[in-house]
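Peer 1: final.txt is the file, holding compact mmCIF, C-alpha atoms:
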# COMPACT_ATOMS: atom_id res chain seq x y z
CA MET Y 16 13.51 184.77 97.55
CA GLN Y 17 12.29 182.22 100.09
CA GLU Y 18 14.26 183.17 103.21
CA SER Y 19 12.71 184.48 106.42
CA THR Y 20 13.61 188.08 107.14
CA GLU Y 21 12.79 189.87 110.40
CA ARG Y 22 10.47 187.02 111.37
CA PHE Y 23 9.81 183.35 110.68
CA ARG Y 24 7.56 182.97 107.67
CA THR Y 25 4.98 180.22 107.30
CA THR Y 26 3.76 178.04 104.47
CA HIS Y 27 2.41 174.49 104.03
CA THR Y 28 2.86 171.53 101.70
CA GLY Y 29 0.11 171.83 99.14
CA SER Y 30 -3.22 170.06 99.34
CA LEU Y 31 -5.95 171.46 101.57
CA PRO Y 32 -9.58 170.49 102.28
CA ARG Y 33 -11.82 170.73 99.23
CA PRO Y 34 -15.50 171.77 99.35
CA GLU Y 35 -17.75 168.71 99.54
CA SER Y 36 -19.55 169.71 96.34
CA LEU Y 37 -16.24 169.84 94.46
CA VAL Y 38 -15.23 166.44 95.88
CA LYS Y 39 -18.42 164.87 94.52
CA THR Y 40 -17.93 166.42 91.09
CA MET Y 41 -14.31 165.29 90.88
CA PHE Y 42 -15.24 161.78 92.00
CA ALA Y 43 -17.76 161.69 89.16
CA LYS Y 44 -15.15 162.89 86.66
CA GLU Y 45 -12.67 160.24 87.79
CA GLU Y 46 -15.33 157.55 87.34
CA GLY Y 47 -16.05 158.68 83.80
CA VAL Y 48 -19.35 160.43 84.49
CA PRO Y 49 -19.81 163.38 82.08
CA VAL Y 50 -19.11 166.68 83.84
CA GLU Y 51 -19.81 170.06 82.29
CA PRO Y 52 -16.33 171.61 81.83
CA ARG Y 53 -17.33 175.24 82.42
CA ALA Y 54 -19.21 174.41 85.60
CA LEU Y 55 -16.22 172.43 86.92
CA ALA Y 56 -13.82 175.25 86.05
CA ASP Y 57 -16.03 177.77 87.85
CA ALA Y 58 -16.26 175.50 90.90
CA ILE Y 59 -12.47 175.12 91.02
CA ALA Y 60 -11.91 178.87 90.72
CA ALA Y 61 -14.38 179.54 93.55
CA ALA Y 62 -12.74 176.88 95.73
CA VAL Y 63 -9.31 178.45 95.13
CA ARG Y 64 -10.58 181.88 96.19
CA GLN Y 65 -12.08 180.42 99.36
CA CYS Y 66 -8.96 178.37 100.08
CA VAL Y 67 -6.60 181.33 99.71
CA ALA Y 68 -8.78 183.48 101.96
CA LYS Y 69 -8.72 180.78 104.66
CA GLN Y 70 -4.93 180.47 104.47
CA VAL Y 71 -4.53 184.22 104.85
CA GLU Y 72 -6.97 184.25 107.75
CA ALA Y 73 -4.95 181.49 109.45
CA GLY Y 74 -1.77 183.57 109.15
CA ILE Y 75 0.03 181.71 106.34
CA ASP Y 76 2.53 183.83 104.42
CA VAL Y 77 3.25 181.71 101.34
CA VAL Y 78 -0.07 180.33 100.11
CA ASN Y 79 -1.28 178.19 97.21
CA ASP Y 80 -4.41 176.97 95.45
CA GLY Y 81 -4.87 173.98 97.78
CA GLU Y 82 -4.54 171.74 94.69
CA MET Y 83 -8.25 172.25 94.04
CA SER Y 84 -7.95 171.35 90.36
CA LYS Y 85 -6.23 167.99 90.95
CA PRO Y 86 -7.58 164.55 91.88
CA SER Y 87 -4.27 164.13 93.68
CA TYR Y 88 -0.81 165.61 93.75
CA ALA Y 89 0.50 162.71 91.65
CA THR Y 90 -2.27 161.21 89.52
CA TYR Y 91 -3.33 164.51 87.95
CA VAL Y 92 -0.60 164.04 85.34
CA LYS Y 93 -2.64 161.33 83.56
CA ASP Y 94 -4.99 164.14 82.48
CA ARG Y 95 -2.20 166.45 81.32
CA LEU Y 96 0.31 164.14 79.63
CA GLU Y 97 -0.01 161.70 76.77
CA GLY Y 98 1.22 158.11 76.97
CA PHE Y 99 -0.72 156.75 79.93
CA GLY Y 100 -3.30 154.29 78.64
CA GLY Y 101 -1.90 151.09 80.06
CA THR Y 102 -2.75 148.85 82.97
CA SER Y 103 -2.40 150.02 86.56
CA HIS Y 104 0.03 148.17 88.79
CA PRO Y 105 -0.97 148.46 92.48
CA LEU Y 106 1.80 149.77 94.70
CA GLN Y 107 3.10 147.59 97.52
CA TYR Y 108 4.04 149.36 100.74
CA GLN Y 109 6.76 147.37 102.51
CA ASP Y 110 5.79 148.56 105.98
CA LEU Y 111 2.12 147.64 105.49
CA VAL Y 112 2.96 144.10 104.38
CA ASP Y 113 3.79 143.40 108.03
CA PHE Y 114 0.35 144.65 109.13
CA PRO Y 115 -2.31 143.37 106.68
CA GLU Y 116 -5.32 144.58 108.69
CA LEU Y 117 -3.88 148.09 108.74
CA ALA Y 118 -3.14 147.83 105.01
CA ARG Y 119 -6.81 147.15 104.30
CA ARG Y 120 -7.75 150.23 106.28
CA VAL Y 121 -5.20 152.46 104.57
CA PHE Y 122 -6.09 151.34 101.06
CA GLY Y 123 -9.79 151.52 101.86
CA ASP Y 124 -9.59 155.28 102.22
CA PRO Y 125 -12.27 156.73 99.89
CA GLY Y 126 -9.77 158.90 98.06
CA ARG Y 127 -6.95 156.36 97.81
CA ALA Y 128 -9.35 153.62 96.68
CA ARG Y 129 -10.52 155.76 93.75
CA ARG Y 130 -7.17 156.94 92.46
CA LYS Y 131 -6.39 156.09 88.85
CA THR Y 132 -2.81 155.24 87.87
CA PRO Y 133 -2.82 153.86 84.31
CA GLY Y 134 0.50 152.50 83.13
CA CYS Y 135 2.71 154.06 80.49
CA ASN Y 136 2.12 152.27 77.17
CA ALA Y 137 3.18 154.91 74.62
CA PRO Y 138 5.60 157.83 74.30
CA VAL Y 139 5.18 160.31 77.15
CA ARG Y 140 4.54 163.79 75.83
CA ALA Y 141 3.09 167.05 77.09
CA GLY Y 142 -0.60 167.33 76.34
CA THR Y 143 -2.24 170.05 74.35
CA GLY Y 144 -4.23 171.56 77.23
CA ASP Y 145 -3.38 174.61 79.30
CA ASP Y 146 -4.21 173.26 82.76
CA ALA Y 147 -1.09 174.75 84.35
CA LYS Y 148 -2.05 178.17 82.99
CA SER Y 149 -5.53 177.73 84.46
CA ASP Y 150 -3.93 176.96 87.83
CA THR Y 151 -1.76 180.07 87.72
CA ALA Y 152 -4.70 182.22 86.61
CA ASN Y 153 -6.90 180.97 89.45
CA LEU Y 154 -4.21 181.60 92.06
CA ARG Y 155 -3.39 185.04 90.67
CA ALA Y 156 -7.06 186.03 90.76
CA ALA Y 157 -7.40 184.80 94.34
CA LEU Y 158 -4.30 186.74 95.40
CA THR Y 159 -5.60 190.09 94.10
CA ALA Y 160 -7.26 190.59 97.47
CA THR Y 161 -3.98 189.93 99.32
CA PRO Y 162 -1.13 191.12 97.06
CA ALA Y 163 1.39 191.05 99.93
CA HIS Y 164 1.23 187.25 100.09
CA ALA Y 165 3.54 185.10 97.99
CA GLY Y 166 2.11 182.16 96.05
CA PHE Y 167 3.35 178.70 95.19
CA LEU Y 168 2.03 175.87 93.04
CA THR Y 169 2.89 172.18 93.22
CA ALA Y 170 3.91 169.84 90.41
CA ALA Y 171 4.84 166.18 90.28
CA SER Y 172 8.54 165.48 89.81
CA PRO Y 173 9.68 163.05 87.11
CA GLY Y 174 10.57 160.48 89.75
CA LEU Y 175 7.16 160.76 91.41
CA VAL Y 176 5.42 160.10 88.10
CA SER Y 177 7.60 157.03 87.57
CA LEU Y 178 6.66 155.76 91.03
CA PHE Y 179 2.90 155.88 90.49
CA PHE Y 180 2.69 155.08 86.77
CA HIS Y 181 4.20 151.74 85.76
CA ASN Y 182 6.57 151.81 82.80
CA GLY Y 183 5.39 149.40 80.14
CA TYR Y 184 6.92 151.17 77.15
CA TYR Y 185 10.47 152.48 77.65
CA PRO Y 186 13.44 150.06 77.58
CA THR Y 187 15.02 151.44 80.77
CA HIS Y 188 14.02 153.37 83.85
CA ALA Y 189 16.45 156.12 82.88
CA ALA Y 190 14.80 156.52 79.48
CA TYR Y 191 11.39 156.68 81.15
CA LEU Y 192 12.58 159.40 83.52
CA ASP Y 193 14.04 161.42 80.64
CA ALA Y 194 10.75 161.31 78.76
CA ILE Y 195 8.74 162.37 81.81
CA ALA Y 196 11.17 165.19 82.56
CA ALA Y 197 10.83 166.58 79.04
CA ALA Y 198 7.04 166.28 79.16
CA MET Y 199 6.72 168.00 82.55
CA GLN Y 200 9.18 170.81 81.78
CA PRO Y 201 6.53 173.10 80.20
CA GLU Y 202 4.40 172.91 83.35
CA TYR Y 203 7.35 173.73 85.59
CA GLU Y 204 8.30 176.69 83.44
CA ALA Y 205 4.72 177.95 83.20
CA ILE Y 206 4.42 178.14 86.99
CA VAL Y 207 7.65 180.07 87.48
CA GLY Y 208 7.07 182.14 84.35
CA ASP Y 209 3.75 183.33 85.75
CA GLY Y 210 5.44 184.58 88.91
CA PHE Y 211 4.92 181.76 91.41
CA ILE Y 212 7.23 179.53 93.41
CA LEU Y 213 7.35 176.01 91.99
CA GLN Y 214 7.14 173.18 94.51
CA LEU Y 215 8.36 169.89 93.08
CA ASP Y 216 6.83 166.95 94.93
CA CYS Y 217 9.51 164.26 95.38
CA PRO Y 218 8.27 161.44 97.64
CA ASP Y 219 10.21 159.12 95.32
CA LEU Y 220 13.42 160.28 97.03
CA ALA Y 221 12.23 158.95 100.42
CA MET Y 222 8.98 156.96 100.13
CA GLY Y 223 10.41 155.27 97.05
CA ARG Y 224 12.81 153.37 99.31
CA HIS Y 225 10.03 151.19 100.77
CA ILE Y 226 7.74 151.11 97.71
CA GLN Y 227 9.28 151.47 94.26
CA PHE Y 228 12.75 150.27 95.22
CA ALA Y 229 12.09 148.08 98.27
CA HIS Y 230 13.97 145.27 96.52
CA LEU Y 231 17.22 147.26 96.50
CA ASP Y 232 19.79 147.67 99.25
CA LEU Y 233 20.65 151.17 100.44
CA PRO Y 234 23.50 151.75 97.94
CA GLY Y 235 21.19 150.61 95.15
CA PHE Y 236 18.46 152.98 96.27
CA ARG Y 237 20.90 155.88 96.56
CA ALA Y 238 21.97 155.23 92.97
CA MET Y 239 18.34 155.41 91.86
CA ALA Y 240 17.76 158.56 93.90
CA ARG Y 241 20.71 160.20 92.13
CA LEU Y 242 19.19 159.19 88.79
CA HIS Y 243 15.90 160.82 89.82
CA VAL Y 244 17.60 164.02 90.98
CA ALA Y 245 19.56 164.25 87.74
CA ALA Y 246 16.33 163.96 85.71
CA LEU Y 247 14.70 166.62 87.87
CA ASN Y 248 17.65 168.96 87.46
CA ARG Y 249 17.49 168.62 83.68
CA ALA Y 250 13.78 169.44 83.70
CA VAL Y 251 14.32 172.66 85.71
CA ALA Y 252 17.65 173.68 84.20
CA ASN Y 253 16.17 176.93 82.89
CA LEU Y 254 14.66 178.02 86.20
CA PRO Y 255 16.33 179.98 89.03
CA PRO Y 256 16.82 177.86 92.18
CA GLU Y 257 15.39 180.59 94.42
CA ARG Y 258 12.04 180.28 92.62
CA MET Y 259 11.75 176.58 93.46
CA ARG Y 260 11.41 174.29 96.43
CA LEU Y 261 11.39 170.49 96.76
CA HIS Y 262 9.06 168.49 98.99
CA LEU Y 263 10.52 165.30 100.49
CA CYS Y 264 8.03 162.79 101.91
CA TRP Y 265 7.99 159.24 103.29
CA GLY Y 266 4.29 158.76 102.50
CA ASN Y 267 1.28 160.66 103.81
CA TYR Y 268 -0.53 157.71 105.36
CA GLU Y 269 -1.01 156.60 108.94
CA GLY Y 270 1.17 153.52 108.90
CA PRO Y 271 4.07 152.08 110.89
CA HIS Y 272 6.76 153.60 108.61
CA HIS Y 273 9.35 151.34 110.23
CA TYR Y 274 11.09 150.86 106.88
CA ASP Y 275 11.44 154.59 106.19
CA VAL Y 276 14.92 155.46 105.00
CA PRO Y 277 16.61 157.81 107.50
CA LEU Y 278 17.04 161.41 106.40
CA ALA Y 279 20.78 161.11 107.03
CA ASP Y 280 21.04 158.38 104.39
CA ILE Y 281 19.61 160.51 101.57
CA LEU Y 282 20.14 164.16 102.52
CA ASP Y 283 23.37 164.61 100.56
CA ILE Y 284 21.62 163.46 97.37
CA VAL Y 285 18.52 165.58 98.01
CA LEU Y 286 20.70 168.66 98.47
CA GLU Y 287 22.11 168.09 94.97
CA ALA Y 288 18.71 169.08 93.54
CA ARG Y 289 18.57 172.61 92.09
CA PRO Y 290 15.56 173.96 94.08
CA ALA Y 291 16.69 176.28 96.89
CA GLY Y 292 13.92 175.31 99.32
CA LEU Y 293 13.67 171.91 101.00
CA SER Y 294 10.32 171.01 102.54
CA PHE Y 295 10.29 167.77 104.53
CA GLU Y 296 8.46 165.82 107.21
CA ALA Y 297 9.81 166.77 110.63
CA ALA Y 298 6.85 166.59 113.05
CA ASN Y 299 5.57 163.01 112.88
CA PRO Y 300 6.84 160.38 115.34
CA ARG Y 301 9.06 158.66 112.80
CA HIS Y 302 11.05 161.73 111.77
CA ALA Y 303 10.70 164.36 114.50
CA HIS Y 304 14.13 163.47 115.91
CA GLU Y 305 16.03 164.06 112.70
CA TYR Y 306 16.73 167.76 113.25
CA THR Y 307 20.00 166.57 114.81
CA VAL Y 308 21.20 165.60 111.33
CA PHE Y 309 21.99 169.28 110.85
CA ASP Y 310 24.51 169.10 113.70
CA GLU Y 311 26.70 167.27 111.19
CA VAL Y 312 25.42 168.46 107.80
CA LYS Y 313 26.19 172.04 106.85
CA LEU Y 314 23.38 173.63 104.85
CA PRO Y 315 24.79 174.71 101.47
CA PRO Y 316 24.68 178.45 100.67
CA GLY Y 317 21.40 179.50 99.13
CA LYS Y 318 19.41 176.59 100.57
CA VAL Y 319 16.39 177.14 102.84
CA LEU Y 320 14.77 174.54 105.11
CA ILE Y 321 10.98 174.21 105.38
CA PRO Y 322 10.59 171.61 108.13
CA GLY Y 323 7.17 170.25 108.96
CA VAL Y 324 6.26 171.63 112.38
CA ILE Y 325 2.67 170.37 112.29
CA GLU Y 326 1.60 166.81 111.52
CA SER Y 327 -0.70 166.02 108.59
CA LYS Y 328 -2.36 162.77 109.75
CA SER Y 329 -3.39 163.62 113.30
CA ASN Y 330 -6.34 165.62 114.61
CA PHE Y 331 -4.26 166.87 117.52
CA ILE Y 332 -3.80 170.63 117.23
CA GLU Y 333 -0.17 171.19 118.09
CA HIS Y 334 0.48 173.66 120.90
CA PRO Y 335 2.07 176.87 119.57
CA GLU Y 336 4.85 176.51 122.13
CA LEU Y 337 5.78 173.09 120.73
CA ILE Y 338 5.74 174.55 117.23
CA ALA Y 339 8.02 177.38 118.36
CA GLN Y 340 10.42 174.83 119.87
CA ARG Y 341 10.47 172.86 116.63
CA ILE Y 342 11.23 175.99 114.61
CA GLY Y 343 13.96 176.91 117.08
CA ARG Y 344 15.72 173.54 116.76
CA TYR Y 345 16.35 174.21 113.10
CA ALA Y 346 17.09 177.92 113.50
CA GLU Y 347 19.80 177.12 116.04
CA ARG Y 348 21.47 174.76 113.57
CA VAL Y 349 21.16 176.45 110.18
CA GLY Y 350 20.37 180.09 111.01
CA ARG Y 351 17.05 181.82 111.58
CA GLU Y 352 16.91 183.32 108.09
CA ASN Y 353 17.18 179.83 106.55
CA VAL Y 354 14.05 178.41 108.21
CA VAL Y 355 10.43 178.70 107.07
CA ALA Y 356 7.74 176.89 109.08
CA GLY Y 357 5.75 174.32 107.14
CA GLY Y 358 3.62 171.20 107.43
CA ASP Y 359 4.63 167.56 107.18
CA CYS Y 360 2.51 166.90 104.10
CA GLY Y 361 -0.81 167.78 102.51
CA PHE Y 362 -4.21 167.63 104.17
CA GLY Y 363 -6.06 166.51 101.05
CA THR Y 364 -3.51 164.34 99.26
CA TRP Y 365 -6.28 162.56 97.36
CA VAL Y 366 -9.74 163.94 96.59
CA GLY Y 367 -11.96 162.55 99.33
CA GLN Y 368 -9.15 161.92 101.80
CA ALA Y 369 -10.08 163.30 105.20
CA ALA Y 370 -7.62 162.01 107.77
CA VAL Y 371 -7.81 165.39 109.49
CA ASP Y 372 -11.13 167.18 109.99
CA PRO Y 373 -11.27 170.29 107.75
CA GLY Y 374 -11.93 172.58 110.70
CA VAL Y 375 -8.94 171.13 112.51
CA VAL Y 376 -6.75 171.75 109.45
CA TRP Y 377 -7.34 175.49 109.62
CA ALA Y 378 -6.81 175.46 113.40
CA LYS Y 379 -3.48 173.66 112.91
CA LEU Y 380 -2.36 176.27 110.39
CA ALA Y 381 -3.35 179.06 112.78
CA ALA Y 382 -1.41 177.34 115.57
CA MET Y 383 1.62 177.19 113.28
CA ALA Y 384 1.37 180.92 112.63
CA GLU Y 385 1.18 181.59 116.38
CA GLY Y 386 4.15 179.29 117.00
CA ALA Y 387 6.12 181.20 114.37
CA ARG Y 388 5.32 184.46 116.17
CA ILE Y 389 6.56 182.99 119.46
CA ALA Y 390 9.76 181.77 117.82
CA THR Y 391 10.26 185.16 116.17
CA ARG Y 392 10.19 186.91 119.56
CA ARG Y 393 12.99 184.58 120.71
CA PHE Y 394 15.23 184.79 117.67
CA TRP Y 395 14.74 188.34 116.40
CA ARG Y 396 14.41 190.34 119.61
Would you put the structure from the file into structure tokens?
Peer 2:
Amino acid sequence: MQESTERFRTTHTGSLPRPESLVKTMFAKEEGVPVEPRALADAIAAAVRQCVAKQVEAGIDVVNDGEMSKPSYATYVKDRLEGFGGTSHPLQYQDLVDFPELARRVFGDPGRARRKTPGCNAPVRAGTGDDAKSDTANLRAALTATPAHAGFLTAASPGLVSLFFHNGYYPTHAAYLDAIAAAMQPEYEAIVGDGFILQLDCPDLAMGRHIQFAHLDLPGFRAMARLHVAALNRAVANLPPERMRLHLCWGNYEGPHHYDVPLADILDIVLEARPAGLSFEAANPRHAHEYTVFDEVKLPPGKVLIPGVIESKSNFIEHPELIAQRIGRYAERVGRENVVAGGDCGFGTWVGQAAVDPGVVWAKLAAMAEGARIATRRFWR
């Protein structure tokens, strides 16, 4: 179960700072430089142990592997699935078109500039490797020192894969989604089957509005979002909703975001997804006001909100009192037991990305834990 009981629990979105040595090795791997597999596996396992220990020290209740094994939360699938040997198609961000100098800065980020997104040019199928099992084994080993903590692992949703990897093979977008869903299903089931919460990353349901489907009007985008949710639901049909959560994101980059689709325009569709938990950006300046949506929208039974109460692109360390207030806004609207404190997005979305100083990341997480304690004193005592 993902609810808060007796106190507000804390978690985060997924990616966390990677050791510099691991960053260099993964950069080399992405560029095609031969890397000794055993040495890389050992480095990843050590980084996961260190990452979990730091999360526990910061006061996080539901921890993960920091995505240490992945070049990014999205592009890792090229190494796990078959069918991606085509040409990359650079993504166009509608909000950055208006600000070309800023666009050059955003896309010049060392991690973003190195990401590899080959197009789909053959049938999409699950690969023969056991990378998901390696992820679960690394997290389980790291959690042996802290068995009281719950663990989660992230995975790209079918819609997210379709956003980053251009379809040059399937006759329709729906057929492409179906193939991705079938190929990703074993990874989803491996994570839950090994005892962890599955987080499905779904920026396509929000960020997709101003990137993948910027050419559509709102009704057209909502139709596509429903198509994406339906594909996701098919892929996780065998999994219990309470063992899953969905992350909704408008893009983890410091941009204007003035074309972001409002939460109110997509929330009904997002809530049709099977995962019980809903993680979403709620701290940054473009979306911090949207807690009022839940004055009108009743949270369906069994659903849990994981609003971002700390921002993922700013080196400001949020004051614990502000964090407590943010938690309280949601608790007042949907019930204290249905709120878990989280972050807006990841702190290491791409290998080499360092928008927030690593030391500040851990301080932000500690501030979130303190804010949750403050909010707990107000709502449980």
Peer 1: Nearest residue to Y:Ala56 out of Y:Met383, Y:Ala339, Y:Met83, Y:Ala157, using all atoms listed in the file?
Peer 2: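 Distance minimum relative to Y:Ala56 lands on Y:Met83.
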Peer 1: In the coordinates of the file, take the point (13.4, 161.9, 92.6) and a cut-off of 10 Å; then, counting all atoms listed in the file, name each qualifying protein, DNA or RNA residue as a PyMOL selection string.
Peer 2: chain Y and resi 171-178+192+215-221+223+239-248+261+263+284-285+288
Peer 1: Please report the interatomic distance between atom CA of Y:Ala197 and atom CA of Y:Arg53 in Å with one decimal.
Peer 2: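 Separating atom CA of Y:Ala197 from atom CA of Y:Arg53 is a distance of 29.7 Å.
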Peer 1: Rank Y:His334, Y:Arg351, Y:Lys379, Y:His181 by their smallest atom-to-atom distance to Y:Gln70, using only C-alpha atoms, and report the top residue only.
Peer 2: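 For Y:Gln70, the nearest of the candidates is Y:Lys379.
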Peer 1: For Y:Glu46, list every protein, DNA or RNA residue within 10 Å, evaluated using all atoms listed in the file, and leave out those in the same chain fewer than 5 positions away; present the list as a ChimeraX atom specification.
Peer 2: /Y:40-41,129-131
Peer 1: Measuring atom to atom with all atoms listed in the file, identify which of Y:Gly266, Y:Pro277, Y:Pro322, Y:Pro115 is nearest to Y:Gly357.
Peer 2: Y:Pro322
Peer 1: Which residues, written as number ranges by chain, have at least one atom at most 10 Å from Y:Asn353, with only C-alpha atoms counted and residues fewer than 3 positions away on the same chain left out?
Peer 2: Y: 17-20, 23, 292, 314, 316-321, 345-346, 348-350
Peer 1: When distances are computed from all atoms listed in the file, which of Y:Leu37, Y:Cys264, Y:Ala238, Y:Val251 shows the smallest separation from Y:Asp57?
Peer 2: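 Checking each candidate against Y:Asp57, we get Y:Leu37 as the closest.
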Peer 1: Between atom CA of Y:Phe99 and atom CA of Y:Cys135, what is the distance, to one decimal in Å?
Peer 2: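 Interatomic distance here is 4.4 Å.
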Peer 1: Quick check, in Å to one decimal: how far apart do atom CA of Y:Trp365 and atom CA of Y:Ile338 lie?
Peer 2: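 Spanning atom CA of Y:Trp365 to atom CA of Y:Ile338 is a straight-line distance of 26.1 Å.
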Peer 1: Determine the nearest neighbour of Y:Ser103 from the options Y:Thr151, Y:Thr161, Y:Asn182, Y:Asn79, counting only C-alpha atoms.
Peer 2: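 Of all the options, Y:Asn182 lies closest to Y:Ser103.
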Peer 1: My structure is short of atoms at stretch 380-396 of chain Y; please model N, CA and C atoms there, returning them as an mmCIF file, in the frame of the given file.
Peer 2:
data_model
loop_
_atom_site.group_PDB
_atom_site.id
_atom_site.type_symbol
_atom_site.label_atom_id
_atom_site.label_comp_id
_atom_site.auth_asym_id
_atom_site.auth_seq_id
_atom_site.Cartn_x
_atom_site.Cartn_y
_atom_site.Cartn_z
ATOM 1 N N LEU Y 380 -3.108 175.230 111.089
ATOM 2 C CA LEU Y 380 -2.360 176.270 110.390
ATOM 3 C C LEU Y 380 -2.280 177.550 111.226
ATOM 4 N N ALA Y 381 -3.368 177.883 111.904
ATOM 5 C CA ALA Y 381 -3.350 179.060 112.780
ATOM 6 C C ALA Y 381 -2.391 178.857 113.950
ATOM 7 N N ALA Y 382 -2.351 177.636 114.487
ATOM 8 C CA ALA Y 382 -1.410 177.340 115.570
ATOM 9 C C ALA Y 382 0.028 177.463 115.084
ATOM 10 N N MET Y 383 0.280 177.047 113.839
ATOM 11 C CA MET Y 383 1.620 177.190 113.280
ATOM 12 C C MET Y 383 2.006 178.660 113.177
ATOM 13 N N ALA Y 384 1.074 179.493 112.725
ATOM 14 C CA ALA Y 384 1.370 180.920 112.630
ATOM 15 C C ALA Y 384 1.671 181.514 113.996
ATOM 16 N N GLU Y 385 0.917 181.099 115.012
ATOM 17 C CA GLU Y 385 1.180 181.590 116.380
ATOM 18 C C GLU Y 385 2.529 181.085 116.873
ATOM 19 N N GLY Y 386 2.839 179.819 116.604
ATOM 20 C CA GLY Y 386 4.150 179.290 117.000
ATOM 21 C C GLY Y 386 5.285 180.036 116.334
ATOM 22 N N ALA Y 387 5.095 180.422 115.068
ATOM 23 C CA ALA Y 387 6.120 181.200 114.370
ATOM 24 C C ALA Y 387 6.306 182.568 115.014
ATOM 25 N N ARG Y 388 5.209 183.162 115.483
ATOM 26 C CA ARG Y 388 5.320 184.460 116.170
ATOM 27 C C ARG Y 388 6.089 184.316 117.484
ATOM 28 N N ILE Y 389 5.832 183.229 118.202
ATOM 29 C CA ILE Y 389 6.560 182.990 119.460
ATOM 30 C C ILE Y 389 8.050 182.811 119.169
ATOM 31 N N ALA Y 390 8.357 181.992 118.161
ATOM 32 C CA ALA Y 390 9.760 181.770 117.820
ATOM 33 C C ALA Y 390 10.437 183.043 117.343
ATOM 34 N N THR Y 391 9.705 183.873 116.646
ATOM 35 C CA THR Y 391 10.260 185.160 116.170
ATOM 36 C C THR Y 391 10.671 186.023 117.351
ATOM 37 N N ARG Y 392 9.856 186.080 118.374
ATOM 38 C CA ARG Y 392 10.190 186.910 119.560
ATOM 39 C C ARG Y 392 11.485 186.415 120.200
ATOM 40 N N ARG Y 393 11.773 185.133 120.084
ATOM 41 C CA ARG Y 393 12.990 184.580 120.710
ATOM 42 C C ARG Y 393 14.228 184.783 119.858
ATOM 43 N N PHE Y 394 14.052 184.776 118.551
ATOM 44 C CA PHE Y 394 15.230 184.790 117.670
ATOM 45 C C PHE Y 394 15.484 186.139 117.014
ATOM 46 N N TRP Y 395 14.540 187.038 117.048
ATOM 47 C CA TRP Y 395 14.740 188.340 116.400
ATOM 48 C C TRP Y 395 14.706 189.494 117.368
ATOM 49 N N ARG Y 396 14.480 189.224 118.657
ATOM 50 C CA ARG Y 396 14.410 190.340 119.610
ATOM 51 C C ARG Y 396 15.283 190.075 120.809
#
